[in-house]
Amino acid sequence: MNIIKKFSLGLLITLFLTISANADKIRIGTEGAYPPWNSKDASGKLIGFEVELAWALCRYIGKQCVIVEQDWDGMIPALLMRKFDAIMAGMSITAERQKTITFSQGYADEVAQLAVMKGSSLEGMDTPSGINLSLGGSDVKSALKTLTSALAGKTVCVQTATIHQNFLDSGDVGSVNVRTYKTQDEVNLDLASGRCDAALAAAVAFTDYAEKSGKPVVLVGPTFSGGAFGNGVGVGLRQGGDDAIGQRDAELLKEFNKAIDQARKDGVISRIAIKWFGFDASM
Amino acid sequence: MDFELMIISFPKLLNATVITLKLLSLSLFFGLFIGLIFAVLRMNKNPILNKFSYGYSYIFRGTPLLVQIFIIYFGLGQIEYLRSTVLWIILKEPYWCAIIAFALNTGAYTSEILRSAFQTIKPGFIEAGKSLGISNKIIFYKIQIPIAIRQSLPAYGNEIILMMKGTSLASTVTLMDLTGVAKYIISTTFKPIEVFIVAGSIYLFMTFVIHNLIKYLEKKYSY
């Protein structure tokens, strides 16, 4: 009996220490499967643009941070359930997500684009090199029309719960056959195997894959921005509230916004972006 | 608790249950054939056939279903040669890849269930048939198989339920089955608890039906 008592007491103390030690740390959730935004090295360590940026922002905030790994499809639910306090996972700021969570100001932006395998009939589509869905206009309309007829009856693959899926589901390019995957890696695999006629994701996700795998993946059609594609990538946070916990969440939003301001001014975001993307994706 | 979401998602999930049931029935259909063939091979005196059957059941019972479905879907898709053959027409489709994986998996378990059922048949039944001058073929079809099926009912009922839950892995290869649609709804509403409760209830109801069906059959064919 005595042993059990001592053991439980020890357990309680450990638990208490763990909780109090974590109380002041900011826990940041990332996916670790969307290079170059965030990924893992061969030893399983989280790396990438956002991992490095997270450490930098935490230094500006002046608090300790823990980076937590979380599957993409459970990212927002996990934030809401307080498994961590902030999302830095290449998550674009969209109106749809803002119904549930809030975002800091954007720290980076990057366009989406369709990818096909070399030799596909979709190569050489006649569209402008980039369209901004928020701007609209005749250029955007005619580009969407070209895409609609080119993609009719085709299978387009995307990662689940992404802006890319939202765009295809929105009907802007007609009723394409959308196939959703848990990770971008799986999208890339099925694009290469020929199960997907095309895939839609951040353009860098494809160039990164083509470079690492040596597969003949080519980008086609216009680059997409605005509209369903959101307004850049920011830190996802819980919406603040009036109670003590809600106030702390609101405080965290201010801290991140301030840290991003400072990091931008010091050129830190640009430097990290160039290192991982090969170009300045900061905003 | 968002009860409204639960009510809205119910018909969508029910619709997706059709795919789940299709996957289940086709896999069980093919799995039963595979199981029967391998159970018979397993009892064969020929050591090669015997070992082959044992190896099949050992591999498919010894590895996770998720790994099997990934190897068949993503793994085979990587082999360039395969993509130029007729087989690719079937392997290109996630639907058939899932059914192949499920059928091979349940086939392995079914072969073990049937084998043990065959082995529990008292030699007296077979001897009685022989003494009446019935041919070995008729003894197998009219005596051994019916008894083996009755003997294996409880264990096979369990296998059906396990397989039914196993079909949820189809969502990992892009199929929009019950779990796939549940995940899709969650991806736009970010409310996993509500949606998974509804999806879980549908799975539970299917288990209830299968369980009672097997119980009824056990009673009907008891001796």
# chains A, B, ... in the order shown; residues from 1 in each chain; ligands from 1
$ interface_residues --of "chain A" --to "chain B" --cutoff "12 Å" --atoms "only C-alpha atoms" --output "JSON, numbers by chain"
{"A": [72, 73, 74, 75, 76, 77, 78, 79, 80, 81, 95, 96, 97, 98, 99, 100, 101, 155, 156, 157, 158, 159, 160, 161, 162, 163, 165, 166, 169, 177, 178, 179, 180, 181, 182, 183, 185, 186, 187, 188, 189, 190, 191, 192, 193, 194, 195, 196, 197, 215]}
$ write_last_selection --atoms "N, CA and C atoms" --output "tab-separated table (two decimals), in the first residue's frame"
chain	number	residue	atom	x	y	z
A	72	TRP	N	-1.93	17.01	-40.92
A	72	TRP	CA	-2.57	18.18	-41.50
A	72	TRP	C	-4.09	18.18	-41.27
A	73	ASP	N	-4.75	17.03	-41.51
A	73	ASP	CA	-6.22	17.04	-41.44
A	73	ASP	C	-6.75	17.24	-40.02
A	74	GLY	N	-5.88	17.15	-39.01
A	74	GLY	CA	-6.34	17.39	-37.64
A	74	GLY	C	-5.78	18.68	-37.06
A	75	MET	N	-5.18	19.49	-37.92
A	75	MET	CA	-4.45	20.67	-37.46
A	75	MET	C	-5.35	21.67	-36.70
A	76	ILE	N	-6.43	22.11	-37.34
A	76	ILE	CA	-7.31	23.10	-36.70
A	76	ILE	C	-8.04	22.51	-35.48
A	77	PRO	N	-8.61	21.29	-35.59
A	77	PRO	CA	-9.21	20.70	-34.39
A	77	PRO	C	-8.21	20.61	-33.22
A	78	ALA	N	-6.96	20.26	-33.50
A	78	ALA	CA	-5.96	20.13	-32.43
A	78	ALA	C	-5.67	21.48	-31.78
A	79	LEU	N	-5.67	22.55	-32.59
A	79	LEU	CA	-5.47	23.89	-32.04
A	79	LEU	C	-6.63	24.24	-31.11
A	80	LEU	N	-7.84	23.95	-31.58
A	80	LEU	CA	-9.03	24.27	-30.79
A	80	LEU	C	-9.08	23.46	-29.50
A	81	MET	N	-8.54	22.23	-29.55
A	81	MET	CA	-8.54	21.39	-28.35
A	81	MET	C	-7.32	21.65	-27.48
A	95	ALA	N	-10.95	33.18	-45.66
A	95	ALA	CA	-12.18	33.58	-44.97
A	95	ALA	C	-12.84	32.37	-44.31
A	96	GLU	N	-12.75	31.22	-44.98
A	96	GLU	CA	-13.39	30.03	-44.44
A	96	GLU	C	-12.77	29.61	-43.11
A	97	ARG	N	-11.42	29.64	-43.05
A	97	ARG	CA	-10.75	29.25	-41.81
A	97	ARG	C	-10.97	30.29	-40.72
A	98	GLN	N	-11.13	31.56	-41.16
A	98	GLN	CA	-11.30	32.63	-40.17
A	98	GLN	C	-12.64	32.56	-39.46
A	99	LYS	N	-13.54	31.71	-39.96
A	99	LYS	CA	-14.78	31.50	-39.22
A	99	LYS	C	-14.48	30.75	-37.92
A	100	THR	N	-13.42	29.95	-37.93
A	100	THR	CA	-13.14	29.07	-36.80
A	100	THR	C	-11.94	29.52	-35.97
A	101	ILE	N	-10.90	30.00	-36.66
A	101	ILE	CA	-9.70	30.43	-35.95
A	101	ILE	C	-9.33	31.84	-36.40
A	155	THR	N	-8.89	13.75	-63.68
A	155	THR	CA	-8.75	13.56	-62.24
A	155	THR	C	-7.64	14.49	-61.73
A	156	VAL	N	-8.02	15.39	-60.82
A	156	VAL	CA	-7.04	16.31	-60.26
A	156	VAL	C	-6.86	15.98	-58.78
A	157	CYS	N	-5.61	15.79	-58.36
A	157	CYS	CA	-5.33	15.35	-57.00
A	157	CYS	C	-4.84	16.50	-56.13
A	158	VAL	N	-5.34	16.53	-54.90
A	158	VAL	CA	-4.94	17.57	-53.94
A	158	VAL	C	-4.82	16.97	-52.54
A	159	GLN	N	-4.13	17.69	-51.67
A	159	GLN	CA	-4.13	17.29	-50.27
A	159	GLN	C	-5.44	17.74	-49.64
A	160	THR	N	-5.95	16.94	-48.72
A	160	THR	CA	-7.25	17.22	-48.12
A	160	THR	C	-7.23	18.48	-47.25
A	161	ALA	N	-8.37	19.16	-47.20
A	161	ALA	CA	-8.55	20.34	-46.34
A	161	ALA	C	-7.58	21.48	-46.67
A	162	THR	N	-7.24	21.63	-47.95
A	162	THR	CA	-6.33	22.71	-48.35
A	162	THR	C	-7.09	23.74	-49.19
A	163	ILE	N	-6.45	24.89	-49.39
A	163	ILE	CA	-7.03	25.90	-50.28
A	163	ILE	C	-7.18	25.34	-51.68
A	165	GLN	N	-7.96	22.23	-52.51
A	165	GLN	CA	-9.20	21.46	-52.55
A	165	GLN	C	-10.40	22.42	-52.61
A	166	ASN	N	-10.36	23.46	-51.77
A	166	ASN	CA	-11.47	24.43	-51.76
A	166	ASN	C	-11.69	25.03	-53.14
A	169	ASP	N	-13.28	22.48	-55.43
A	169	ASP	CA	-14.67	22.24	-55.01
A	169	ASP	C	-15.57	23.44	-55.29
A	177	ASN	N	-12.88	15.91	-61.46
A	177	ASN	CA	-12.86	14.75	-60.59
A	177	ASN	C	-11.78	14.98	-59.53
A	178	VAL	N	-12.18	15.39	-58.32
A	178	VAL	CA	-11.18	15.73	-57.30
A	178	VAL	C	-10.88	14.50	-56.46
A	179	ARG	N	-9.59	14.21	-56.29
A	179	ARG	CA	-9.19	13.11	-55.43
A	179	ARG	C	-8.33	13.68	-54.30
A	180	THR	N	-8.68	13.35	-53.06
A	180	THR	CA	-7.97	13.98	-51.94
A	180	THR	C	-7.08	12.99	-51.20
A	181	TYR	N	-5.93	13.49	-50.77
A	181	TYR	CA	-4.93	12.68	-50.08
A	181	TYR	C	-4.58	13.29	-48.74
A	182	LYS	N	-4.08	12.43	-47.84
A	182	LYS	CA	-3.74	12.89	-46.50
A	182	LYS	C	-2.51	13.78	-46.49
A	183	THR	N	-1.54	13.46	-47.32
A	183	THR	CA	-0.32	14.26	-47.36
A	183	THR	C	0.04	14.64	-48.80
A	185	ASP	N	2.98	14.25	-50.04
A	185	ASP	CA	3.83	13.16	-50.53
A	185	ASP	C	3.00	12.16	-51.33
A	186	GLU	N	1.82	11.84	-50.81
A	186	GLU	CA	0.96	10.87	-51.48
A	186	GLU	C	0.43	11.42	-52.79
A	187	VAL	N	0.14	12.72	-52.81
A	187	VAL	CA	-0.29	13.37	-54.06
A	187	VAL	C	0.81	13.22	-55.10
A	188	ASN	N	2.05	13.51	-54.69
A	188	ASN	CA	3.19	13.42	-55.61
A	188	ASN	C	3.36	12.01	-56.15
A	189	LEU	N	3.22	11.01	-55.26
A	189	LEU	CA	3.38	9.61	-55.68
A	189	LEU	C	2.36	9.25	-56.75
A	190	ASP	N	1.10	9.65	-56.54
A	190	ASP	CA	0.06	9.27	-57.49
A	190	ASP	C	0.10	10.09	-58.77
A	191	LEU	N	0.68	11.28	-58.69
A	191	LEU	CA	0.88	12.07	-59.91
A	191	LEU	C	1.92	11.35	-60.77
A	192	ALA	N	2.99	10.89	-60.11
A	192	ALA	CA	4.05	10.20	-60.83
A	192	ALA	C	3.57	8.86	-61.39
A	193	SER	N	2.70	8.17	-60.66
A	193	SER	CA	2.24	6.85	-61.12
A	193	SER	C	1.24	6.97	-62.26
A	194	GLY	N	0.68	8.17	-62.45
A	194	GLY	CA	-0.26	8.35	-63.55
A	194	GLY	C	-1.71	8.19	-63.12
A	195	ARG	N	-1.97	7.98	-61.82
A	195	ARG	CA	-3.36	7.88	-61.36
A	195	ARG	C	-4.03	9.25	-61.41
A	196	CYS	N	-3.22	10.31	-61.27
A	196	CYS	CA	-3.78	11.66	-61.35
A	196	CYS	C	-3.40	12.24	-62.71
A	197	ASP	N	-4.36	12.88	-63.37
A	197	ASP	CA	-4.04	13.57	-64.62
A	197	ASP	C	-3.29	14.86	-64.32
A	215	LYS	N	11.83	13.00	-60.96
A	215	LYS	CA	10.68	12.67	-61.82
A	215	LYS	C	10.35	13.88	-62.72
$ select_by_dssp --residues "stretch 16-260 of chain A" --states "alpha helix (DSSP H)" --output "PyMOL selection string"
chain A and resi 16-23+49-61+75-80+95-98+138-151+163-169+184-193+203-213+244-260
$ select_by_dssp --residues "stretch 225-276 of chain A" --states "strand (DSSP E)" --output "PyMOL selection string"
chain A and resi 225+233-237
$ atom_distance --atom1 "atom CA of B:Leu5" --atom2 "atom CA of B:Val181"
13.8 Å
